[in-house]
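Novice: Shown below is the structure under consideration.
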Protein chains: 2
Amino acid sequence: MTVQEISTPYLIFLGAVENSRDAKTGQGLVDWRPELCVGQLRYPGCSADLGLPDLTVAEAYDRGARSLVIGIASFGGRFEPEWLDTFEEAMLAGLDIVSGMHTRLRSESRLAGVAGKTGRRLIDVRVPPDGIPVGSGRRRSGNRVLMVGTDCCVGKKYTALALHRELLSRGQDASFRATGQTGIMIAGSGIPMDAVVSDFLAGAAEMLSPDNDAGHWDVIEGQGSLFHPAYAAVTLGLLHGSQPDALVLCHEATRSCIDGYPDYAIPPLAYCIESYLEAGRLTNAKVRFVGVSLNCSGLEASARAAAIARVREETGLVVADPMGPGAGVLVDALLTVVR
Amino acid sequence: MTVQEISTPYLIFLGAVENSRDAKTGQGLVDWRPELCVGQLRYPGCSADLGLPDLTVAEAYDRGARSLVIGIASFGGRFEPEWLDTFEEAMLAGLDIVSGMHTRLRSESRLAGVAGKTGRRLIDVRVPPDGIPVGSGRRRSGNRVLMVGTDCCVGKKYTALALHRELLSRGQDASFRATGQTGIMIAGSGIPMDAVVSDFLAGAAEMLSPDNDAGHWDVIEGQGSLFHPAYAAVTLGLLHGSQPDALVLCHEATRSCIDGYPDYAIPPLAYCIESYLEAGRLTNAKVRFVGVSLNCSGLEASARAAAIARVREETGLVVADPMGPGAGVLVDALLTVVR
């Protein structure tokens, strides 16, 4: 497992990001670990805002920050050249740099040099652990629920975290299993599935949720979508290796096309459900859906109840807004399924 | 693209491999580039035999060999410690080492040291090229036919090579696109799909078969199987990125379970066909099957015609044995499809 000791609290770096969806790493930290976030660092033109004080690296250090965390989930995961100036400045001011990008901090010789000189650390949470095995397909003990999506960035991580919190609050034995950089920063451990070499994807998912007690739930963060022309492979490997007993379909209520791929329409939810079940049955014949997590944050508050009712009728499943009142109904359905 | 200048001819290293299917890299070279193979090196107990002279590294060098090629496609891709003795001896005798394993030759400090001392090269064909983009999902010009399998090691590479040869012999414009280590050794270029970081799988497949002339065919080697509990993700990423116009289903006539996974039965061929079409339609709505490549090498010669007839009836498709009389009927079907 990638378990990184990250120095806290954090200054969240947003650069000049134009789309608040692309700041989802920072947003996730603010939502689930607000006590760790002292400020944000934004370039002119940045249109995302996490509601944190805007700080320079020096100001952040003075307020206690000990890591600059890259809060951007950028397309393709590459660095912008001007970021390197900021990271160097941050290390000189006393901060470690924490990244969930594909490109490794350490691969930038300039940063590696400053790290060596200052003793500050370059922490890449997107580096998979060593020794991931090829998937075995062997059934494991314990229970697993996996979030699956109609697209990326629809609320899979939020739903998993909300389910996990609700299970714990009911006295259930449960673990949140992080599969992406933000989840790993929140949880402190996990496997960045999209950075795993493809031959080992299912094996990584098996490793992430090992044998457990009969009553234990692994609540597994999902990745991508089976209907995404670039990322469906990640989704399938995670699904096969997780061998979920239960699935939650995550959808964003206003989304009609795959984000950034206007030629790719999101299929009807009933088709999505059937496709995920068909694929999931390969490694767990009893897989079933327990509900839909409908992200209504893009709808007027007055339109949300109707949207939820529509999806309930369309799918015949329990529907909850994970950003709304909570994951209670999903957990009710989940605990009914295993009995 | 991974284009490696490999010194020829080859000594094929088989170690103590117990299963001739695991020697498929060596077998592929012998079948498709016999003029490059001067001998084989086998440990006591090796039960695979490529029909080449058994040679020591010194004898191989004397007969002209300039590279030792690891002819084994081993489970998980790790090295055996005793192989390192042989590789060191080979470098001292004057041979480069060529590997398609996941573990990189250069990561073995002992080998790197000998390479530095002797000037011999450590060539890892399983290292993907730099700069693979995230998949775009954009439709490309030209025509593509992809091999898809019911399992690993059923004849996908052979079928693609046979199709390619047949297309060229008819004066068609065609390229063989290698996606695995043996194919890359045979073709001299390609992308090792199973070594690509999973986020970039579809993008790698797009890069492998770029825009081309309207009459051109990319004949794309397949990988894995949608019904394999460990490797289905590789298969799906390759399928989505290839955007094939045509598919050939590759099956081994005696195979009833996924090799090495006795709990995983191979589904009925009609189910396999429908599953591949369903998945393929995401990026090419017009994808269709042109035929079945039925590997009959495990059947008595007298049983082959009946097996082919059975599959023809079961699927309603043209069926050919790629190891048999040739890929002519598949190419007939392929060229009919595009008209």
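Every chain in the structure tokens has a letter given in the order shown (A, B, ...), and although residue numbers restart at 1 in each chain, ligands are simply numbered from 1 in the order shown.
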Can you pull out the residues contacting Ile186 (chain B)? Cut-off 9 Å, using only C-alpha atoms, and skip same-chain residues under 4 positions away; I want them as number ranges by chain.

Specialist: B: 28-29, 32-33, 178, 181-182

Novice: Which residues are near Phe200 (chain A)? Cut-off 7 Å, only C-alpha atoms, ignore same chain within fewer than 4 positions. Put them as a PyMOL selection string.

Specialist: chain A and resi 132-135+196+204

Novice: Please identify all polymer residues within 8 Å of region 260-276 of chain B, counting only C-alpha atoms, omitting same-chain residues fewer than 6 positions from it, and present them as a ChimeraX atom specification.

Specialist: /A:136-137 /B:148,150-151,226-229,249,289,314-315

Novice: Give me, please, the distance in Å between CA of Ala246 (chain B) and CA of Arg288 (chain B), quoted to one decimal.

Specialist: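 We find that CA of Ala246 (chain B) and CA of Arg288 (chain B) lie 5.1 Å from each other.
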
Novice: Between chain A and chain B, at 7 Å or less, what are the per-residue closest atom pairs and their distances in Å? Count only C-alpha atoms, order by chain and rising residue number, and return it as a tab-separated table.

Specialist:
```
residue	atom	partner	partner_atom	distance
A:Gly76	CA	B:Val134	CA	6.1
A:Val134	CA	B:Gly76	CA	6.0
A:Gly135	CA	B:Ala230	CA	4.4
A:Ser136	CA	B:Ala230	CA	6.6
A:Gly137	CA	B:Pro229	CA	5.4
A:Asp194	CA	B:Asp199	CA	4.9
A:Ala195	CA	B:Val197	CA	5.5
A:Val196	CA	B:Val197	CA	5.5
A:Val197	CA	B:Val197	CA	4.2
A:Ser198	CA	B:Ser198	CA	4.6
A:Asp199	CA	B:Asp194	CA	4.9
A:Ala202	CA	B:Ala230	CA	5.3
A:Gly203	CA	B:Ala230	CA	6.6
A:Phe227	CA	B:Leu282	CA	6.9
A:Pro229	CA	B:Gly137	CA	5.4
A:Ala230	CA	B:Gly135	CA	4.4
A:Tyr231	CA	B:Asp199	CA	5.9
A:Ala232	CA	B:Gly237	CA	6.8
A:Ala233	CA	B:Ala233	CA	4.5
A:Val234	CA	B:Ser198	CA	5.9
A:Leu236	CA	B:Ala233	CA	5.5
A:Gly237	CA	B:Ala233	CA	4.9
A:His240	CA	B:Pro229	CA	6.2
A:Leu282	CA	B:Phe227	CA	6.9
A:Thr283	CA	B:Pro229	CA	6.6
```

Novice: How about saving the chosen residues, N, CA, C and O atoms kept, as a tab-separated table (two decimals), in the first residue's frame?

Specialist:
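What landed in selection_6.tsv:
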```tsv
chain	number	residue	atom	x	y	z
A	76	GLY	N	-4.42	14.65	-18.21
A	76	GLY	CA	-3.15	14.05	-18.61
A	76	GLY	C	-2.08	14.12	-17.55
A	76	GLY	O	-1.09	13.40	-17.63
A	134	VAL	N	-0.34	-10.17	-10.38
A	134	VAL	CA	-1.37	-10.37	-11.40
A	134	VAL	C	-2.64	-10.82	-10.67
A	134	VAL	O	-2.57	-11.54	-9.67
A	135	GLY	N	-3.80	-10.41	-11.13
A	135	GLY	CA	-5.05	-10.80	-10.50
A	135	GLY	C	-5.20	-12.32	-10.46
A	135	GLY	O	-4.81	-13.02	-11.40
A	136	SER	N	-5.76	-12.82	-9.35
A	136	SER	CA	-5.94	-14.27	-9.20
A	136	SER	C	-7.36	-14.70	-9.51
A	136	SER	O	-7.62	-15.86	-9.79
A	137	GLY	N	-8.30	-13.77	-9.41
A	137	GLY	CA	-9.71	-14.12	-9.59
A	137	GLY	C	-10.31	-14.87	-8.41
A	137	GLY	O	-11.50	-15.20	-8.42
A	194	ASP	N	-5.19	4.49	-11.62
A	194	ASP	CA	-4.92	4.93	-12.98
A	194	ASP	C	-3.43	5.01	-13.28
A	194	ASP	O	-3.05	5.20	-14.43
A	195	ALA	N	-2.59	4.85	-12.27
A	195	ALA	CA	-1.14	4.85	-12.48
A	195	ALA	C	-0.55	3.44	-12.49
A	195	ALA	O	0.64	3.26	-12.66
A	196	VAL	N	-1.41	2.44	-12.30
A	196	VAL	CA	-0.94	1.06	-12.27
A	196	VAL	C	-0.74	0.57	-13.71
A	196	VAL	O	-1.55	0.86	-14.59
A	197	VAL	N	0.34	-0.17	-13.94
A	197	VAL	CA	0.57	-0.78	-15.25
A	197	VAL	C	-0.59	-1.73	-15.53
A	197	VAL	O	-1.02	-2.50	-14.67
A	198	SER	N	-1.09	-1.68	-16.76
A	198	SER	CA	-2.41	-2.25	-17.03
A	198	SER	C	-2.50	-3.75	-16.77
A	198	SER	O	-3.57	-4.23	-16.38
A	199	ASP	N	-1.43	-4.49	-16.95
A	199	ASP	CA	-1.44	-5.92	-16.69
A	199	ASP	C	-1.76	-6.24	-15.23
A	199	ASP	O	-2.17	-7.35	-14.91
A	202	ALA	N	-6.23	-5.47	-12.20
A	202	ALA	CA	-7.14	-6.29	-11.38
A	202	ALA	C	-6.41	-6.77	-10.13
A	202	ALA	O	-7.00	-6.81	-9.04
A	203	GLY	N	-5.13	-7.10	-10.28
A	203	GLY	CA	-4.35	-7.53	-9.12
A	203	GLY	C	-4.24	-6.42	-8.08
A	203	GLY	O	-4.29	-6.68	-6.87
A	227	PHE	N	-18.14	3.88	-19.87
A	227	PHE	CA	-18.61	4.54	-21.09
A	227	PHE	C	-17.70	5.69	-21.51
A	227	PHE	O	-18.05	6.53	-22.31
A	229	PRO	N	-14.33	6.90	-23.41
A	229	PRO	CA	-13.47	6.35	-24.46
A	229	PRO	C	-12.00	6.29	-24.09
A	229	PRO	O	-11.25	5.56	-24.75
A	230	ALA	N	-11.57	6.99	-23.06
A	230	ALA	CA	-10.16	6.94	-22.66
A	230	ALA	C	-9.93	6.08	-21.42
A	230	ALA	O	-8.89	5.46	-21.29
A	231	TYR	N	-10.88	6.04	-20.51
A	231	TYR	CA	-10.60	5.48	-19.18
A	231	TYR	C	-11.37	4.22	-18.82
A	231	TYR	O	-11.26	3.73	-17.68
A	232	ALA	N	-12.15	3.67	-19.72
A	232	ALA	CA	-12.99	2.51	-19.38
A	232	ALA	C	-12.16	1.32	-18.90
A	232	ALA	O	-12.62	0.52	-18.07
A	233	ALA	N	-10.93	1.20	-19.39
A	233	ALA	CA	-10.10	0.07	-18.98
A	233	ALA	C	-9.81	0.11	-17.48
A	233	ALA	O	-9.83	-0.92	-16.80
A	234	VAL	N	-9.54	1.30	-16.97
A	234	VAL	CA	-9.28	1.44	-15.53
A	234	VAL	C	-10.50	0.98	-14.74
A	234	VAL	O	-10.40	0.24	-13.76
A	236	LEU	N	-12.84	-1.09	-15.65
A	236	LEU	CA	-13.09	-2.53	-15.74
A	236	LEU	C	-12.13	-3.32	-14.86
A	236	LEU	O	-12.54	-4.27	-14.18
A	237	GLY	N	-10.85	-2.94	-14.85
A	237	GLY	CA	-9.89	-3.65	-14.01
A	237	GLY	C	-10.23	-3.52	-12.54
A	237	GLY	O	-10.14	-4.48	-11.77
A	240	HIS	N	-13.34	-5.76	-11.87
A	240	HIS	CA	-13.03	-7.19	-11.81
A	240	HIS	C	-12.26	-7.55	-10.55
A	240	HIS	O	-12.55	-8.55	-9.91
A	282	LEU	N	-18.44	-11.39	-14.06
A	282	LEU	CA	-17.29	-12.24	-14.38
A	282	LEU	C	-16.62	-12.73	-13.10
A	282	LEU	O	-16.26	-13.90	-12.99
A	283	THR	N	-16.44	-11.84	-12.12
A	283	THR	CA	-15.71	-12.23	-10.91
A	283	THR	C	-16.62	-12.36	-9.69
A	283	THR	O	-16.17	-12.84	-8.65
```

Novice: Please list as a VMD selection string every residue within 9 Å of region 45-49 of chain A, counting only C-alpha atoms and excluding residues in the same chain fewer than 6 positions away.

Specialist: chain A and resid 14 to 23 27

Novice: Take the residues just selected and output them with N, CA, C and O atoms as a short mmCIF file (atom, residue, chain, number, x, y, z; two decimals), in the first residue's frame.

Specialist:
```cif
data_model
loop_
_atom_site.label_atom_id
_atom_site.label_comp_id
_atom_site.auth_asym_id
_atom_site.auth_seq_id
_atom_site.Cartn_x
_atom_site.Cartn_y
_atom_site.Cartn_z
N LEU A 14 -3.69 25.96 -6.53
CA LEU A 14 -4.67 25.85 -7.61
C LEU A 14 -4.18 26.41 -8.94
O LEU A 14 -4.83 26.21 -9.97
N GLY A 15 -3.03 27.12 -8.93
CA GLY A 15 -2.51 27.67 -10.18
C GLY A 15 -3.52 28.58 -10.83
O GLY A 15 -4.18 29.38 -10.16
N ALA A 16 -3.68 28.45 -12.16
CA ALA A 16 -4.62 29.30 -12.90
C ALA A 16 -5.78 28.47 -13.43
O ALA A 16 -6.29 28.72 -14.51
N VAL A 17 -6.19 27.47 -12.67
CA VAL A 17 -7.21 26.53 -13.16
C VAL A 17 -8.50 27.28 -13.51
O VAL A 17 -8.93 28.19 -12.81
N GLU A 18 -9.08 26.92 -14.66
CA GLU A 18 -10.23 27.68 -15.16
C GLU A 18 -11.56 27.04 -14.82
O GLU A 18 -12.60 27.67 -14.95
N ASN A 19 -11.52 25.77 -14.45
CA ASN A 19 -12.76 25.02 -14.28
C ASN A 19 -12.76 24.48 -12.86
O ASN A 19 -11.82 23.79 -12.46
N SER A 20 -13.80 24.79 -12.09
CA SER A 20 -13.77 24.37 -10.69
C SER A 20 -13.77 22.84 -10.57
O SER A 20 -13.30 22.30 -9.58
N ARG A 21 -14.28 22.13 -11.61
CA ARG A 21 -14.22 20.67 -11.58
C ARG A 21 -12.77 20.18 -11.56
O ARG A 21 -12.48 19.12 -11.03
N ASP A 22 -11.87 20.97 -12.21
CA ASP A 22 -10.47 20.56 -12.25
C ASP A 22 -9.75 20.79 -10.93
O ASP A 22 -8.61 20.40 -10.76
N ALA A 23 -10.43 21.46 -9.99
CA ALA A 23 -9.84 21.66 -8.67
C ALA A 23 -10.36 20.62 -7.68
O ALA A 23 -10.35 20.85 -6.48
N GLN A 27 -10.77 20.54 -3.57
CA GLN A 27 -12.13 20.57 -3.02
C GLN A 27 -12.37 19.37 -2.10
O GLN A 27 -13.00 19.49 -1.04
#
```

Novice: Let's see if you can do this: from backbone DSSP, list all helix (DSSP H, G or I) residues in region 47-251 of chain A, as an MDAnalysis selection string.

Specialist: chainID A and resid 57:62 75:77 81:93 105:107 109:118 156:169 181:187 193:195 198:208 232:242

Novice: Would you work out the distance separating CA of Leu111 (chain B) from CA of Thr56 (chain B), expressed in Å to one decimal?

Specialist: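 Separating CA of Leu111 (chain B) from CA of Thr56 (chain B) is a distance of 18.7 Å.
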
Novice: Write out as number ranges by chain the set of residues from region 166-298 of chain B that DSSP, computed on the backbone, places in strand (DSSP E).

Specialist: B: 174-177, 217-220, 246-252, 257-258, 261-265, 288-295

Novice: Mind dumping the selected residues with N, CA and C atoms as a short mmCIF file (atom, residue, chain, number, x, y, z; two decimals), in the first residue's frame?

Specialist:
```
data_model
loop_
_atom_site.label_atom_id
_atom_site.label_comp_id
_atom_site.auth_asym_id
_atom_site.auth_seq_id
_atom_site.Cartn_x
_atom_site.Cartn_y
_atom_site.Cartn_z
N ALA B 174 -1.35 -2.61 -46.18
CA ALA B 174 -1.66 -3.06 -44.82
C ALA B 174 -0.43 -2.99 -43.94
N SER B 175 -0.66 -2.75 -42.63
CA SER B 175 0.42 -2.75 -41.64
C SER B 175 0.05 -3.69 -40.50
N PHE B 176 1.02 -4.49 -40.04
CA PHE B 176 0.84 -5.27 -38.83
C PHE B 176 1.18 -4.38 -37.65
N ARG B 177 0.28 -4.26 -36.68
CA ARG B 177 0.51 -3.42 -35.52
C ARG B 177 0.69 -4.31 -34.30
N TRP B 217 -5.25 -0.94 -44.42
CA TRP B 217 -5.69 -1.74 -43.28
C TRP B 217 -4.60 -1.81 -42.22
N ASP B 218 -4.95 -1.43 -40.99
CA ASP B 218 -4.12 -1.78 -39.84
C ASP B 218 -4.62 -3.12 -39.32
N VAL B 219 -3.71 -4.10 -39.26
CA VAL B 219 -4.06 -5.41 -38.71
C VAL B 219 -3.46 -5.46 -37.31
N ILE B 220 -4.33 -5.34 -36.30
CA ILE B 220 -3.86 -5.08 -34.94
C ILE B 220 -3.88 -6.36 -34.11
N ALA B 246 -13.50 -3.89 -38.00
CA ALA B 246 -13.74 -5.34 -38.09
C ALA B 246 -13.02 -6.05 -36.95
N LEU B 247 -13.63 -7.13 -36.49
CA LEU B 247 -13.05 -7.96 -35.44
C LEU B 247 -12.94 -9.40 -35.95
N VAL B 248 -11.92 -10.10 -35.46
CA VAL B 248 -11.82 -11.54 -35.67
C VAL B 248 -11.77 -12.18 -34.29
N LEU B 249 -12.67 -13.11 -34.02
CA LEU B 249 -12.68 -13.79 -32.73
C LEU B 249 -11.71 -14.96 -32.78
N CYS B 250 -10.74 -14.97 -31.87
CA CYS B 250 -9.73 -16.02 -31.85
C CYS B 250 -10.02 -16.96 -30.67
N HIS B 251 -10.03 -18.26 -30.96
CA HIS B 251 -10.40 -19.25 -29.95
C HIS B 251 -9.54 -20.50 -30.16
N GLU B 252 -9.23 -21.17 -29.05
CA GLU B 252 -8.47 -22.42 -29.12
C GLU B 252 -9.49 -23.55 -28.95
N CYS B 257 -11.72 -23.54 -20.22
CA CYS B 257 -11.57 -22.58 -19.12
C CYS B 257 -10.43 -21.62 -19.46
N ILE B 258 -10.44 -20.47 -18.81
CA ILE B 258 -9.33 -19.53 -18.94
C ILE B 258 -8.07 -20.25 -18.42
N TYR B 261 -6.90 -20.54 -14.75
CA TYR B 261 -8.01 -20.07 -13.91
C TYR B 261 -9.18 -21.06 -14.06
N PRO B 262 -9.06 -22.22 -13.43
CA PRO B 262 -10.06 -23.28 -13.68
C PRO B 262 -11.47 -22.91 -13.25
N ASP B 263 -11.61 -21.89 -12.39
CA ASP B 263 -12.96 -21.46 -11.99
C ASP B 263 -13.62 -20.56 -13.03
N TYR B 264 -12.88 -20.19 -14.04
CA TYR B 264 -13.41 -19.25 -15.04
C TYR B 264 -13.60 -19.96 -16.38
N ALA B 265 -14.86 -20.34 -16.65
CA ALA B 265 -15.18 -21.01 -17.91
C ALA B 265 -15.18 -19.99 -19.04
N ARG B 288 -18.02 -4.75 -36.56
CA ARG B 288 -18.66 -6.04 -36.80
C ARG B 288 -17.61 -7.15 -36.86
N PHE B 289 -18.05 -8.36 -36.64
CA PHE B 289 -17.16 -9.50 -36.79
C PHE B 289 -17.12 -9.94 -38.24
N VAL B 290 -15.90 -10.29 -38.70
CA VAL B 290 -15.78 -10.84 -40.05
C VAL B 290 -15.53 -12.34 -40.02
N GLY B 291 -15.15 -12.89 -38.89
CA GLY B 291 -14.91 -14.33 -38.85
C GLY B 291 -14.33 -14.78 -37.53
N VAL B 292 -14.13 -16.10 -37.45
CA VAL B 292 -13.53 -16.73 -36.28
C VAL B 292 -12.24 -17.40 -36.71
N SER B 293 -11.19 -17.20 -35.91
CA SER B 293 -9.94 -17.91 -36.11
C SER B 293 -9.88 -19.01 -35.06
N LEU B 294 -10.06 -20.25 -35.51
CA LEU B 294 -10.14 -21.39 -34.59
C LEU B 294 -8.81 -22.14 -34.60
N ASN B 295 -8.07 -22.01 -33.51
CA ASN B 295 -6.77 -22.68 -33.36
C ASN B 295 -7.02 -24.16 -33.08
#
```

Novice: Enter the distance from CA of Ser7 (chain A) to CA of Thr118 (chain A), in Å, rounded to one decimal.

Specialist: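 Computed distance, CA of Ser7 (chain A) to CA of Thr118 (chain A), equals 15.4 Å.
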